[in-house]
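Chemist: This one is start-v6.cif, mmCIF, C-alpha atoms.
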data_coords
loop_
_atom_site.label_atom_id
_atom_site.label_comp_id
_atom_site.auth_asym_id
_atom_site.auth_seq_id
_atom_site.Cartn_x
_atom_site.Cartn_y
_atom_site.Cartn_z
CA MET A 5 -10.48 14.03 -22.38
CA THR A 6 -6.71 13.58 -22.31
CA SER A 7 -5.13 12.13 -25.37
CA LEU A 8 -2.98 9.01 -25.20
CA ASN A 9 0.08 11.03 -26.33
CA ASN A 10 -0.12 13.25 -23.24
CA GLN A 11 -0.42 10.27 -20.90
CA LEU A 12 2.62 8.39 -22.23
CA LYS A 13 5.45 10.85 -21.93
CA PRO A 14 8.81 9.14 -22.07
CA THR A 15 11.16 9.60 -19.14
CA LEU A 16 14.90 9.32 -19.17
CA THR A 17 16.95 8.23 -16.18
CA LEU A 18 20.69 8.59 -16.40
CA GLU A 19 22.75 6.19 -14.36
CA PRO A 20 26.36 7.18 -13.78
CA ALA A 21 28.75 4.98 -15.69
CA PHE A 22 31.44 5.75 -13.13
CA GLN A 23 31.03 6.94 -9.59
CA SER A 24 34.06 8.43 -7.91
CA LEU A 25 34.51 7.72 -4.23
CA CYS A 26 35.95 10.35 -1.90
CA THR A 27 38.87 9.64 0.36
CA VAL A 28 39.06 11.18 3.83
CA GLN A 29 41.71 13.54 2.40
CA ASP A 30 39.29 14.63 -0.39
CA TYR A 31 36.52 15.05 2.17
CA HIS A 32 38.65 17.32 4.38
CA ARG A 33 39.83 19.34 1.38
CA MET A 34 36.23 19.92 0.20
CA SER A 35 35.43 21.21 3.67
CA GLU A 36 38.47 23.53 3.68
CA LEU A 37 37.51 24.93 0.25
CA GLY A 38 33.91 25.57 1.35
CA ILE A 39 32.47 23.01 -1.06
CA LEU A 40 30.76 21.33 1.89
CA ASN A 41 28.42 23.62 3.79
CA SER A 42 29.82 24.07 7.30
CA ASP A 43 26.25 24.32 8.67
CA GLU A 44 25.43 20.80 7.47
CA ARG A 45 26.57 17.79 9.46
CA THR A 46 28.13 15.13 7.26
CA GLU A 47 29.98 11.85 7.54
CA LEU A 48 32.03 9.95 4.99
CA ILE A 49 30.76 6.38 4.72
CA ALA A 50 32.30 3.99 2.20
CA GLY A 51 33.63 6.94 0.20
CA LYS A 52 30.23 8.66 -0.02
CA ILE A 53 29.35 11.90 1.75
CA THR A 54 26.23 11.36 3.85
CA LEU A 55 24.09 14.06 5.46
CA MET A 56 23.35 13.51 9.14
CA THR A 57 20.19 14.53 10.95
CA ALA A 58 20.20 17.55 13.24
CA LYS A 59 20.84 17.11 16.95
CA GLY A 60 17.84 17.93 19.13
CA THR A 61 17.89 19.15 22.74
CA ARG A 62 16.74 15.79 24.12
CA HIS A 63 19.40 13.97 22.10
CA VAL A 64 22.21 16.26 23.32
CA THR A 65 21.09 16.12 26.96
CA THR A 66 20.80 12.32 26.92
CA LEU A 67 24.19 11.99 25.33
CA ARG A 68 25.85 14.26 27.91
CA LEU A 69 24.28 12.32 30.77
CA LEU A 70 25.33 9.02 29.21
CA GLY A 71 28.88 10.26 28.64
CA THR A 72 29.17 11.45 32.25
CA ALA A 73 27.81 8.13 33.57
CA GLU A 74 30.24 6.17 31.39
CA ASP A 75 33.15 8.31 32.60
CA GLU A 76 32.22 7.52 36.21
CA LEU A 77 31.62 3.80 35.60
CA LEU A 78 34.88 3.37 33.69
CA ALA A 79 37.03 5.65 35.87
CA GLU A 80 39.22 2.74 37.00
CA GLN A 81 39.64 1.39 33.45
CA THR A 82 42.19 2.37 30.82
CA VAL A 83 39.56 3.75 28.45
CA PHE A 84 38.35 7.10 27.19
CA VAL A 85 34.82 8.26 26.44
CA THR A 86 34.18 10.80 23.71
CA THR A 87 31.08 12.29 22.12
CA HIS A 88 30.61 13.65 18.60
CA ASP A 89 34.27 13.44 17.65
CA HIS A 90 35.33 12.33 14.18
CA ILE A 91 36.87 8.88 13.95
CA GLN A 92 38.74 7.82 10.80
CA LEU A 93 38.64 4.05 10.37
CA ASP A 94 40.21 3.81 6.91
CA ASP A 95 40.84 5.96 3.80
CA PHE A 96 37.13 5.99 2.87
CA LEU A 97 35.43 6.05 6.27
CA GLU A 98 35.23 8.90 8.77
CA LEU A 99 32.33 8.82 11.21
CA GLU A 100 31.05 11.13 13.93
CA PRO A 101 29.49 8.71 16.41
CA ASP A 102 27.25 10.01 19.16
CA LEU A 103 29.29 8.15 21.76
CA ALA A 104 32.53 6.23 21.49
CA ILE A 105 34.39 4.31 24.16
CA GLY A 106 38.02 3.63 23.34
CA ILE A 107 40.24 1.06 24.99
CA GLU A 108 43.89 1.98 25.26
#
Output the structure of this file as structure tokens.

Modeler:
Amino acid sequence: MTSLNNQLKPTLTLEPAFQSLCTVQDYHRMSELGILNSDERTELIAGKITLMTAKGTRHVTTLRLLGTAEDELLAEQTVFVTTHDHIQLDDFLELEPDLAIGIE
């Protein structure tokens, strides 16, 4: 039989008193210094480094077909279509969207 002392072990959770947010400049520097693993796909969202899921074959194929179709549909427009390119929206946000359509 287990004693009551073994069942009630205290746990300690430490909450950070201060959390530092990364700027896009910090994020790029960490990548240059090798702090971020180049094999891992990441994005900077609201100053926090976020791991992205891996791209599968079906995902890549669908995205290429979609990008090609968008290029053809928007050929007469003043727009550009890009896939998996980094987009910096402010000092704390740099995304890598699957597909982006830009209007010039």

Chemist: Can you turn the PyMOL selection byres ((chain A and resi 80-90) around 7) into a concrete residue list for this file, as a PDB file with C-alpha atoms, in the frame of the given file?

Modeler:
ATOM      1  CA  GLY A  71      28.880  10.260  28.640  1.00  0.00           C
ATOM      2  CA  ASP A  75      33.150   8.310  32.600  1.00  0.00           C
ATOM      3  CA  LEU A  78      34.880   3.370  33.690  1.00  0.00           C
ATOM      4  CA  ALA A  79      37.030   5.650  35.870  1.00  0.00           C
ATOM      5  CA  ILE A  91      36.870   8.880  13.950  1.00  0.00           C
ATOM      6  CA  GLN A  92      38.740   7.820  10.800  1.00  0.00           C
ATOM      7  CA  GLU A  98      35.230   8.900   8.770  1.00  0.00           C
ATOM      8  CA  LEU A  99      32.330   8.820  11.210  1.00  0.00           C
ATOM      9  CA  GLU A 100      31.050  11.130  13.930  1.00  0.00           C
ATOM     10  CA  PRO A 101      29.490   8.710  16.410  1.00  0.00           C
ATOM     11  CA  ASP A 102      27.250  10.010  19.160  1.00  0.00           C
ATOM     12  CA  LEU A 103      29.290   8.150  21.760  1.00  0.00           C
ATOM     13  CA  ALA A 104      32.530   6.230  21.490  1.00  0.00           C
ATOM     14  CA  ILE A 105      34.390   4.310  24.160  1.00  0.00           C
ATOM     15  CA  GLY A 106      38.020   3.630  23.340  1.00  0.00           C
ATOM     16  CA  ILE A 107      40.240   1.060  24.990  1.00  0.00           C
ATOM     17  CA  GLU A 108      43.890   1.980  25.260  1.00  0.00           C
TER      18      GLU A 108
END

Chemist: Grab the CA of Val28 in chain A to CA of Lys59 in chain A distance for me, in Å with one decimal place.

Modeler: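 A separation of 23.2 Å between them.
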
Chemist: Report, in Å with one decimal, the straight-line distance from CA of Arg62 in chain A to CA of Thr46 in chain A.

Modeler: 20.4 Å

Chemist: Just the number, please: distance in Å from CA of Thr57 in chain A to CA of Glu44 in chain A, one decimal.

Modeler: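 Rounded to one decimal, the two atoms are 8.9 Å apart.
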
Chemist: List the residues matched by the PyMOL selection byres ((chain A and resi 49-54) around 9) in the displayed structure as a PyMOL selection string, ordered by chain and then by residue number.

Modeler: chain A and resi 24-28+31+45-48+55-56+95-99
